[in-house]
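Here is the structure we will look at.
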Amino acid sequence: MFSQYFGHYLLNRGLITREQLADALEYQKTVHVKFGVIAVDEGFMTTAQVEEVHEKQRQMDKRFGEIAVELGYLTESQVEALISHQKQSHLYLAQALVDREYMTIDEFGAALNEYKKENSLSDEQFEAIRNGNIDALVQQLLVSDEEKAAKYGRYLSLFAKNMIRFIDDQVYLEVSEDNNVTPSNWLIKQDIIGAAPLFTGISTDDQTLLYIASIYAEEELTQVDAFAKDAVSEFLNLHNGIYLVNMSNWGTELNMNPQQIIENASISGELFTVNVVTAKGTFQLVLSDDTTNIKIESAAGTQTV
């Protein structure tokens, strides 16, 4: 995930072009492999065991290695060995940019140092972010707004993890500057209710909906039909279910209402929006803890959530 963030930093500084970034990230995939794939390749686990761990991740917010150790499929030392394969994701991007002759390794290193300085990162923070610590990355994303961090930090960190686990391991999150919801074809929403209520929604166009639905359903979907919409809806429900488990572990009991899918919706209220950039398009994650003042307008009329 750090590759996406640092790649966009290079783009915003004019050090590479958008086309070069897209090409480098695509090229990087040839050398970046997932944890389970490495475990099988090393002979530590079978594909059936990997699938079992992935299924457990649909129920709890735990890393692949943690679950594999609990199930007796990996030892702690094996997990450490596998982690070492994944800690160098920034080097994959560096190698891709150098191989494509978009940057030299010295230019890449200098940009890394500037990124650290501009974001006022300590050595520990920089190392955590560079090594893919999602909580640290989200904390840095929300560092300018402590109130938003307190309200939405846990939810956003988990959402990033679940996007990586189930949809796209090179996802990029960007907090919207105006917190407005960009008009789109579909709103998939679900209300979390209880002591800490939360409006949650995915606002997306057809292309990105089909991309998420295809990955989640594990088959190529080409039409925005009921099956495709339900697949994205189930991903949101899965994520929110794990969030409720986490909140329960932290002492807050919550429930959630059934998901709703609304076409051509317009949303207003006290919103927090995050642009979620995937390999095949961008959607918006829409959140609000002020659930009583959210209004949704569609062809079916106006709703107050």
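Scheme for the structure tokens: letters A, B, ... for chains in order shown; per-chain residue numbers from 1; ligand numbers from 1 in order shown.
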For range 181-190 of chain A, list every protein, DNA or RNA residue within 7 Å, evaluated using only C-alpha atoms, and leave out those in the same chain fewer than 6 positions away; present the list as JSON, numbers by chain.
-> {"A": [199, 200, 201, 202, 203, 204, 205, 206, 233, 257, 258, 259, 260, 261, 262, 263, 264, 265, 266, 267, 273]}
All residues 8 Å or closer to Ala136 in chain A, only C-alpha atoms, same chain fewer than 5 positions away omitted, as a list of chain:residue names | A:Gln125, A:Ala128, A:Ile129
Exercise: Ala213 in chain A partners within 7 Å, only C-alpha atoms, chain neighbours under 6 positions left out, as a PyMOL selection string = chain A and resi 228+231-232
Okay, now the selection with C-alpha atoms, as a short mmCIF file (atom, residue, chain, number, x, y, z; two decimals), in the first residue's frame?
```cif
data_model
loop_
_atom_site.label_atom_id
_atom_site.label_comp_id
_atom_site.auth_asym_id
_atom_site.auth_seq_id
_atom_site.Cartn_x
_atom_site.Cartn_y
_atom_site.Cartn_z
CA ALA A 228 -23.10 -7.46 -9.12
CA ALA A 231 -21.62 -8.55 -4.31
CA VAL A 232 -20.51 -5.01 -3.45
#
```
Per-residue nearest contacts range 198-287 of chain A to range 144-159 of chain A, cut-off 12 Å, using only C-alpha atoms, as JSON lines:
```
{"residue": "A:Leu198", "atom": "CA", "partner": "A:Tyr152", "partner_atom": "CA", "distance": 9.4}
{"residue": "A:Phe199", "atom": "CA", "partner": "A:Tyr152", "partner_atom": "CA", "distance": 11.1}
{"residue": "A:Thr200", "atom": "CA", "partner": "A:Tyr155", "partner_atom": "CA", "distance": 9.8}
{"residue": "A:Gly201", "atom": "CA", "partner": "A:Phe159", "partner_atom": "CA", "distance": 11.7}
{"residue": "A:Ile202", "atom": "CA", "partner": "A:Phe159", "partner_atom": "CA", "distance": 11.4}
{"residue": "A:Phe235", "atom": "CA", "partner": "A:Phe159", "partner_atom": "CA", "distance": 10.4}
{"residue": "A:Leu236", "atom": "CA", "partner": "A:Phe159", "partner_atom": "CA", "distance": 9.2}
{"residue": "A:Asn237", "atom": "CA", "partner": "A:Phe159", "partner_atom": "CA", "distance": 11.5}
{"residue": "A:Leu238", "atom": "CA", "partner": "A:Phe159", "partner_atom": "CA", "distance": 10.4}
{"residue": "A:His239", "atom": "CA", "partner": "A:Phe159", "partner_atom": "CA", "distance": 6.8}
{"residue": "A:Asn240", "atom": "CA", "partner": "A:Tyr155", "partner_atom": "CA", "distance": 8.7}
{"residue": "A:Gly241", "atom": "CA", "partner": "A:Leu158", "partner_atom": "CA", "distance": 11.1}
{"residue": "A:Ile242", "atom": "CA", "partner": "A:Leu158", "partner_atom": "CA", "distance": 8.5}
{"residue": "A:Tyr243", "atom": "CA", "partner": "A:Tyr155", "partner_atom": "CA", "distance": 6.9}
{"residue": "A:Leu244", "atom": "CA", "partner": "A:Tyr155", "partner_atom": "CA", "distance": 9.8}
{"residue": "A:Val245", "atom": "CA", "partner": "A:Leu158", "partner_atom": "CA", "distance": 11.5}
{"residue": "A:Asn246", "atom": "CA", "partner": "A:Arg154", "partner_atom": "CA", "distance": 9.2}
{"residue": "A:Met247", "atom": "CA", "partner": "A:Arg154", "partner_atom": "CA", "distance": 9.2}
{"residue": "A:Trp250", "atom": "CA", "partner": "A:Arg154", "partner_atom": "CA", "distance": 11.0}
{"residue": "A:Glu270", "atom": "CA", "partner": "A:Lys148", "partner_atom": "CA", "distance": 11.8}
{"residue": "A:Leu271", "atom": "CA", "partner": "A:Lys148", "partner_atom": "CA", "distance": 10.5}
{"residue": "A:Phe272", "atom": "CA", "partner": "A:Lys148", "partner_atom": "CA", "distance": 8.0}
{"residue": "A:Thr273", "atom": "CA", "partner": "A:Tyr152", "partner_atom": "CA", "distance": 10.5}
{"residue": "A:Val274", "atom": "CA", "partner": "A:Leu156", "partner_atom": "CA", "distance": 8.9}
{"residue": "A:Asn275", "atom": "CA", "partner": "A:Leu156", "partner_atom": "CA", "distance": 11.5}
{"residue": "A:Val276", "atom": "CA", "partner": "A:Phe159", "partner_atom": "CA", "distance": 10.1}
{"residue": "A:Leu285", "atom": "CA", "partner": "A:Leu156", "partner_atom": "CA", "distance": 9.1}
{"residue": "A:Val286", "atom": "CA", "partner": "A:Leu156", "partner_atom": "CA", "distance": 10.5}
{"residue": "A:Leu287", "atom": "CA", "partner": "A:Tyr152", "partner_atom": "CA", "distance": 7.9}
```
Please produce a file of those selected residues containing N, CA and C atoms, as a PDB file, in the first residue's frame.
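This went into result38.pdb:
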```pdb
ATOM      1  N   LEU A 198     -23.220   4.984  13.109  1.00  0.00           N
ATOM      2  CA  LEU A 198     -22.396   5.406  11.984  1.00  0.00           C
ATOM      3  C   LEU A 198     -23.129   5.123  10.679  1.00  0.00           C
ATOM      4  N   PHE A 199     -23.214   6.146   9.844  1.00  0.00           N
ATOM      5  CA  PHE A 199     -23.682   5.956   8.476  1.00  0.00           C
ATOM      6  C   PHE A 199     -22.486   5.517   7.649  1.00  0.00           C
ATOM      7  N   THR A 200     -22.629   4.445   6.887  1.00  0.00           N
ATOM      8  CA  THR A 200     -21.533   3.986   6.025  1.00  0.00           C
ATOM      9  C   THR A 200     -22.068   3.782   4.621  1.00  0.00           C
ATOM     10  N   GLY A 201     -21.306   4.184   3.637  1.00  0.00           N
ATOM     11  CA  GLY A 201     -21.764   4.017   2.273  1.00  0.00           C
ATOM     12  C   GLY A 201     -20.620   3.957   1.278  1.00  0.00           C
ATOM     13  N   ILE A 202     -20.866   3.305   0.168  1.00  0.00           N
ATOM     14  CA  ILE A 202     -19.955   3.278  -0.970  1.00  0.00           C
ATOM     15  C   ILE A 202     -20.676   3.926  -2.137  1.00  0.00           C
ATOM     16  N   PHE A 235     -19.764  -7.081   0.390  1.00  0.00           N
ATOM     17  CA  PHE A 235     -18.434  -6.667   0.851  1.00  0.00           C
ATOM     18  C   PHE A 235     -18.563  -5.627   1.959  1.00  0.00           C
ATOM     19  N   LEU A 236     -19.459  -4.638   1.767  1.00  0.00           N
ATOM     20  CA  LEU A 236     -19.671  -3.630   2.808  1.00  0.00           C
ATOM     21  C   LEU A 236     -20.193  -4.283   4.085  1.00  0.00           C
ATOM     22  N   ASN A 237     -21.111  -5.226   3.940  1.00  0.00           N
ATOM     23  CA  ASN A 237     -21.671  -5.929   5.098  1.00  0.00           C
ATOM     24  C   ASN A 237     -20.598  -6.748   5.827  1.00  0.00           C
ATOM     25  N   LEU A 238     -19.735  -7.401   5.056  1.00  0.00           N
ATOM     26  CA  LEU A 238     -18.620  -8.160   5.634  1.00  0.00           C
ATOM     27  C   LEU A 238     -17.708  -7.238   6.448  1.00  0.00           C
ATOM     28  N   HIS A 239     -17.326  -6.129   5.832  1.00  0.00           N
ATOM     29  CA  HIS A 239     -16.446  -5.182   6.522  1.00  0.00           C
ATOM     30  C   HIS A 239     -17.098  -4.660   7.795  1.00  0.00           C
ATOM     31  N   ASN A 240     -18.346  -4.256   7.696  1.00  0.00           N
ATOM     32  CA  ASN A 240     -19.020  -3.706   8.878  1.00  0.00           C
ATOM     33  C   ASN A 240     -19.191  -4.755   9.971  1.00  0.00           C
ATOM     34  N   GLY A 241     -19.390  -6.004   9.573  1.00  0.00           N
ATOM     35  CA  GLY A 241     -19.490  -7.078  10.559  1.00  0.00           C
ATOM     36  C   GLY A 241     -18.204  -7.242  11.348  1.00  0.00           C
ATOM     37  N   ILE A 242     -17.067  -7.173  10.659  1.00  0.00           N
ATOM     38  CA  ILE A 242     -15.773  -7.271  11.350  1.00  0.00           C
ATOM     39  C   ILE A 242     -15.560  -6.051  12.238  1.00  0.00           C
ATOM     40  N   TYR A 243     -16.001  -4.885  11.759  1.00  0.00           N
ATOM     41  CA  TYR A 243     -15.896  -3.660  12.570  1.00  0.00           C
ATOM     42  C   TYR A 243     -16.690  -3.806  13.859  1.00  0.00           C
ATOM     43  N   LEU A 244     -17.874  -4.394  13.790  1.00  0.00           N
ATOM     44  CA  LEU A 244     -18.686  -4.597  14.988  1.00  0.00           C
ATOM     45  C   LEU A 244     -18.004  -5.539  15.977  1.00  0.00           C
ATOM     46  N   VAL A 245     -17.339  -6.570  15.454  1.00  0.00           N
ATOM     47  CA  VAL A 245     -16.590  -7.489  16.318  1.00  0.00           C
ATOM     48  C   VAL A 245     -15.466  -6.728  17.025  1.00  0.00           C
ATOM     49  N   ASN A 246     -14.739  -5.895  16.263  1.00  0.00           N
ATOM     50  CA  ASN A 246     -13.663  -5.104  16.861  1.00  0.00           C
ATOM     51  C   ASN A 246     -14.200  -4.178  17.947  1.00  0.00           C
ATOM     52  N   MET A 247     -15.293  -3.489  17.646  1.00  0.00           N
ATOM     53  CA  MET A 247     -15.862  -2.548  18.614  1.00  0.00           C
ATOM     54  C   MET A 247     -16.328  -3.274  19.872  1.00  0.00           C
ATOM     55  N   TRP A 250     -13.533  -3.844  22.019  1.00  0.00           N
ATOM     56  CA  TRP A 250     -13.107  -2.607  22.670  1.00  0.00           C
ATOM     57  C   TRP A 250     -14.154  -2.096  23.663  1.00  0.00           C
ATOM     58  N   GLU A 270     -23.729  16.090   7.485  1.00  0.00           N
ATOM     59  CA  GLU A 270     -22.380  16.195   8.042  1.00  0.00           C
ATOM     60  C   GLU A 270     -21.610  14.938   7.644  1.00  0.00           C
ATOM     61  N   LEU A 271     -20.862  15.019   6.539  1.00  0.00           N
ATOM     62  CA  LEU A 271     -20.247  13.839   5.948  1.00  0.00           C
ATOM     63  C   LEU A 271     -18.726  13.883   6.031  1.00  0.00           C
ATOM     64  N   PHE A 272     -18.142  12.707   6.049  1.00  0.00           N
ATOM     65  CA  PHE A 272     -16.692  12.531   5.914  1.00  0.00           C
ATOM     66  C   PHE A 272     -16.494  11.600   4.734  1.00  0.00           C
ATOM     67  N   THR A 273     -15.820  12.079   3.689  1.00  0.00           N
ATOM     68  CA  THR A 273     -15.678  11.282   2.475  1.00  0.00           C
ATOM     69  C   THR A 273     -14.209  11.003   2.173  1.00  0.00           C
ATOM     70  N   VAL A 274     -13.953   9.793   1.726  1.00  0.00           N
ATOM     71  CA  VAL A 274     -12.600   9.359   1.380  1.00  0.00           C
ATOM     72  C   VAL A 274     -12.626   8.794  -0.031  1.00  0.00           C
ATOM     73  N   ASN A 275     -11.760   9.304  -0.886  1.00  0.00           N
ATOM     74  CA  ASN A 275     -11.628   8.759  -2.232  1.00  0.00           C
ATOM     75  C   ASN A 275     -10.779   7.494  -2.166  1.00  0.00           C
ATOM     76  N   VAL A 276     -11.329   6.409  -2.681  1.00  0.00           N
ATOM     77  CA  VAL A 276     -10.647   5.117  -2.650  1.00  0.00           C
ATOM     78  C   VAL A 276     -10.261   4.766  -4.090  1.00  0.00           C
ATOM     79  N   LEU A 285     -15.812   6.377  -0.158  1.00  0.00           N
ATOM     80  CA  LEU A 285     -16.318   5.849   1.096  1.00  0.00           C
ATOM     81  C   LEU A 285     -16.931   7.024   1.835  1.00  0.00           C
ATOM     82  N   VAL A 286     -18.212   6.907   2.200  1.00  0.00           N
ATOM     83  CA  VAL A 286     -18.953   7.997   2.823  1.00  0.00           C
ATOM     84  C   VAL A 286     -19.307   7.595   4.252  1.00  0.00           C
ATOM     85  N   LEU A 287     -18.900   8.419   5.224  1.00  0.00           N
ATOM     86  CA  LEU A 287     -19.142   8.118   6.633  1.00  0.00           C
ATOM     87  C   LEU A 287     -19.758   9.326   7.331  1.00  0.00           C
TER      88      LEU A 287
END
```
Report as a Markdown table the residues of range 2-70 of chain A within 9 Å of range 162-168 of chain A, each with its shortest atom pair and distance in Å (one decimal), using only C-alpha atoms, ordered by chain and increasing residue number.
```
| residue | atom | partner | partner_atom | distance |
| --- | --- | --- | --- | --- |
| A:His54 | CA | A:Arg165 | CA | 8.3 |
| A:Gln57 | CA | A:Arg165 | CA | 8.1 |
| A:Arg58 | CA | A:Phe166 | CA | 8.6 |
| A:Asp61 | CA | A:Asn162 | CA | 8.4 |
```
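Selecting strand (DSSP E or B) from the backbone DSSP output for range 182-240 of chain A yields Trp186, Leu187, Ile188, Lys189, Gln190, Asp191, Ile192, Ile193, Gly194, Leu198, Phe199, Thr200, Gly201, Ile202, Ser203 and Thr204 of chain A.
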Next, write the just-selected residues to a file, as a short mmCIF file (atom, residue, chain, number, x, y, z; two decimals), in the first residue's frame, keeping all heavy atoms as the atom set.
```
data_model
loop_
_atom_site.label_atom_id
_atom_site.label_comp_id
_atom_site.auth_asym_id
_atom_site.auth_seq_id
_atom_site.Cartn_x
_atom_site.Cartn_y
_atom_site.Cartn_z
N TRP A 186 -24.37 4.73 -8.21
CA TRP A 186 -24.88 3.85 -7.17
C TRP A 186 -24.39 4.26 -5.78
O TRP A 186 -23.24 4.66 -5.62
CB TRP A 186 -24.44 2.40 -7.43
CG TRP A 186 -24.85 1.91 -8.77
CD1 TRP A 186 -24.07 1.82 -9.90
CD2 TRP A 186 -26.16 1.47 -9.14
NE1 TRP A 186 -24.82 1.36 -10.95
CE2 TRP A 186 -26.10 1.13 -10.52
CE3 TRP A 186 -27.38 1.34 -8.47
CZ2 TRP A 186 -27.21 0.66 -11.22
CZ3 TRP A 186 -28.48 0.87 -9.16
CH2 TRP A 186 -28.39 0.53 -10.52
N LEU A 187 -25.28 4.13 -4.82
CA LEU A 187 -24.92 4.26 -3.41
C LEU A 187 -25.31 2.97 -2.71
O LEU A 187 -26.48 2.58 -2.72
CB LEU A 187 -25.64 5.44 -2.75
CG LEU A 187 -25.47 5.54 -1.23
CD1 LEU A 187 -24.02 5.90 -0.88
CD2 LEU A 187 -26.43 6.57 -0.63
N ILE A 188 -24.31 2.29 -2.15
CA ILE A 188 -24.57 1.11 -1.33
C ILE A 188 -24.34 1.54 0.11
O ILE A 188 -23.24 1.95 0.48
CB ILE A 188 -23.63 -0.06 -1.69
CG1 ILE A 188 -23.90 -0.54 -3.12
CG2 ILE A 188 -23.83 -1.22 -0.74
CD1 ILE A 188 -23.03 0.07 -4.16
N LYS A 189 -25.39 1.52 0.94
CA LYS A 189 -25.30 2.06 2.28
C LYS A 189 -25.70 1.04 3.33
O LYS A 189 -26.43 0.10 3.05
CB LYS A 189 -26.18 3.31 2.43
CG LYS A 189 -27.67 3.04 2.30
CD LYS A 189 -28.49 4.31 2.55
CE LYS A 189 -28.61 4.64 4.01
NZ LYS A 189 -29.54 3.76 4.76
N GLN A 190 -25.19 1.26 4.53
CA GLN A 190 -25.58 0.44 5.67
C GLN A 190 -25.41 1.27 6.94
O GLN A 190 -24.37 1.90 7.13
CB GLN A 190 -24.74 -0.83 5.76
CG GLN A 190 -25.20 -1.79 6.86
CD GLN A 190 -24.52 -3.14 6.77
OE1 GLN A 190 -23.32 -3.22 6.53
NE2 GLN A 190 -25.28 -4.21 6.94
N ASP A 191 -26.43 1.26 7.78
CA ASP A 191 -26.39 2.03 9.03
C ASP A 191 -25.96 1.14 10.18
O ASP A 191 -26.52 0.06 10.39
CB ASP A 191 -27.77 2.62 9.33
CG ASP A 191 -28.24 3.56 8.23
OD1 ASP A 191 -27.39 4.28 7.67
OD2 ASP A 191 -29.44 3.55 7.91
N ILE A 192 -24.96 1.60 10.91
CA ILE A 192 -24.54 0.96 12.14
C ILE A 192 -25.26 1.67 13.28
O ILE A 192 -25.27 2.90 13.35
CB ILE A 192 -23.02 1.04 12.31
CG1 ILE A 192 -22.34 0.19 11.23
CG2 ILE A 192 -22.58 0.57 13.70
CD1 ILE A 192 -20.83 0.31 11.19
N ILE A 193 -25.89 0.91 14.14
CA ILE A 193 -26.72 1.48 15.19
C ILE A 193 -26.24 1.03 16.57
O ILE A 193 -25.60 0.00 16.71
CB ILE A 193 -28.20 1.11 15.00
CG1 ILE A 193 -28.38 -0.41 14.95
CG2 ILE A 193 -28.75 1.75 13.74
CD1 ILE A 193 -29.83 -0.87 14.83
N GLY A 194 -26.55 1.85 17.59
CA GLY A 194 -26.15 1.53 18.95
C GLY A 194 -25.50 2.72 19.61
O GLY A 194 -25.79 3.88 19.29
N LEU A 198 -23.22 4.98 13.11
CA LEU A 198 -22.40 5.41 11.98
C LEU A 198 -23.13 5.12 10.68
O LEU A 198 -23.63 4.02 10.47
CB LEU A 198 -21.06 4.64 12.01
CG LEU A 198 -19.92 5.16 11.14
CD1 LEU A 198 -19.47 6.55 11.61
CD2 LEU A 198 -18.74 4.20 11.17
N PHE A 199 -23.21 6.15 9.84
CA PHE A 199 -23.68 5.96 8.48
C PHE A 199 -22.49 5.52 7.65
O PHE A 199 -21.43 6.15 7.69
CB PHE A 199 -24.26 7.27 7.93
CG PHE A 199 -24.56 7.23 6.45
CD1 PHE A 199 -25.82 6.88 6.00
CD2 PHE A 199 -23.58 7.55 5.51
CE1 PHE A 199 -26.11 6.83 4.64
CE2 PHE A 199 -23.85 7.51 4.15
CZ PHE A 199 -25.12 7.15 3.72
N THR A 200 -22.63 4.44 6.89
CA THR A 200 -21.53 3.99 6.02
C THR A 200 -22.07 3.78 4.62
O THR A 200 -23.18 3.27 4.44
CB THR A 200 -20.90 2.68 6.53
OG1 THR A 200 -21.79 1.58 6.28
CG2 THR A 200 -20.62 2.75 8.03
N GLY A 201 -21.31 4.18 3.64
CA GLY A 201 -21.76 4.02 2.27
C GLY A 201 -20.62 3.96 1.28
O GLY A 201 -19.53 4.49 1.52
N ILE A 202 -20.87 3.31 0.17
CA ILE A 202 -19.95 3.28 -0.97
C ILE A 202 -20.68 3.93 -2.14
O ILE A 202 -21.74 3.46 -2.56
CB ILE A 202 -19.55 1.84 -1.33
CG1 ILE A 202 -18.64 1.26 -0.25
CG2 ILE A 202 -18.86 1.78 -2.69
CD1 ILE A 202 -18.31 -0.22 -0.45
N SER A 203 -20.12 5.03 -2.64
CA SER A 203 -20.69 5.74 -3.78
C SER A 203 -19.80 5.46 -4.99
O SER A 203 -18.61 5.79 -4.98
CB SER A 203 -20.74 7.25 -3.48
OG SER A 203 -21.26 7.96 -4.58
N THR A 204 -20.36 4.87 -6.04
CA THR A 204 -19.53 4.37 -7.12
C THR A 204 -20.20 4.44 -8.48
O THR A 204 -21.44 4.45 -8.57
CB THR A 204 -19.11 2.91 -6.82
OG1 THR A 204 -18.27 2.43 -7.88
CG2 THR A 204 -20.33 2.01 -6.71
#
```
Quick one: pick out all alpha helix (DSSP H) residues within range 27-73 of chain A from a backbone DSSP run and write them as an NGL selection string.
-> :A and (27-28 or 35-41 or 47-57 or 64-70)
Go through A:Ala279, A:Asn12, A:Ala226, A:Asp123 one by one, measure the shortest atom-to-atom distance of each to Gln207 in chain A using only C-alpha atoms, and give the residue with the smallest value.
-> A:Ala279
Gap from CA of Lys117 in chain A to CA of Gly132 in chain A - Å, one decimal |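 Taking CA of Lys117 in chain A and CA of Gly132 in chain A, their separation equals 18.6 Å.
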Which of A:Gly65, A:Gly14, A:Gly269, A:Gly72 sits closest to Phe35 in chain A [using only C-alpha atoms] =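 Once distances to Phe35 in chain A are computed over only C-alpha atoms, the minimum belongs to A:Gly65.
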Excluding same-chain residues fewer than 6 positions from Phe227 in chain A, what lies within 12 Å of it counting only C-alpha atoms, as a list in words?
->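 The residues satisfying every condition are Leu209, Leu210, Ala213, Ser214, Tyr216, Ala217, Glu219, Glu220, Leu221, Ser233, Glu234 and Ile261 of chain A.
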Would you mind telling me which residue in A:Lys161, A:Arg63, A:Lys116, A:His8 lies nearest to Asp135 in chain A when using only C-alpha atoms?
-> A:Lys161
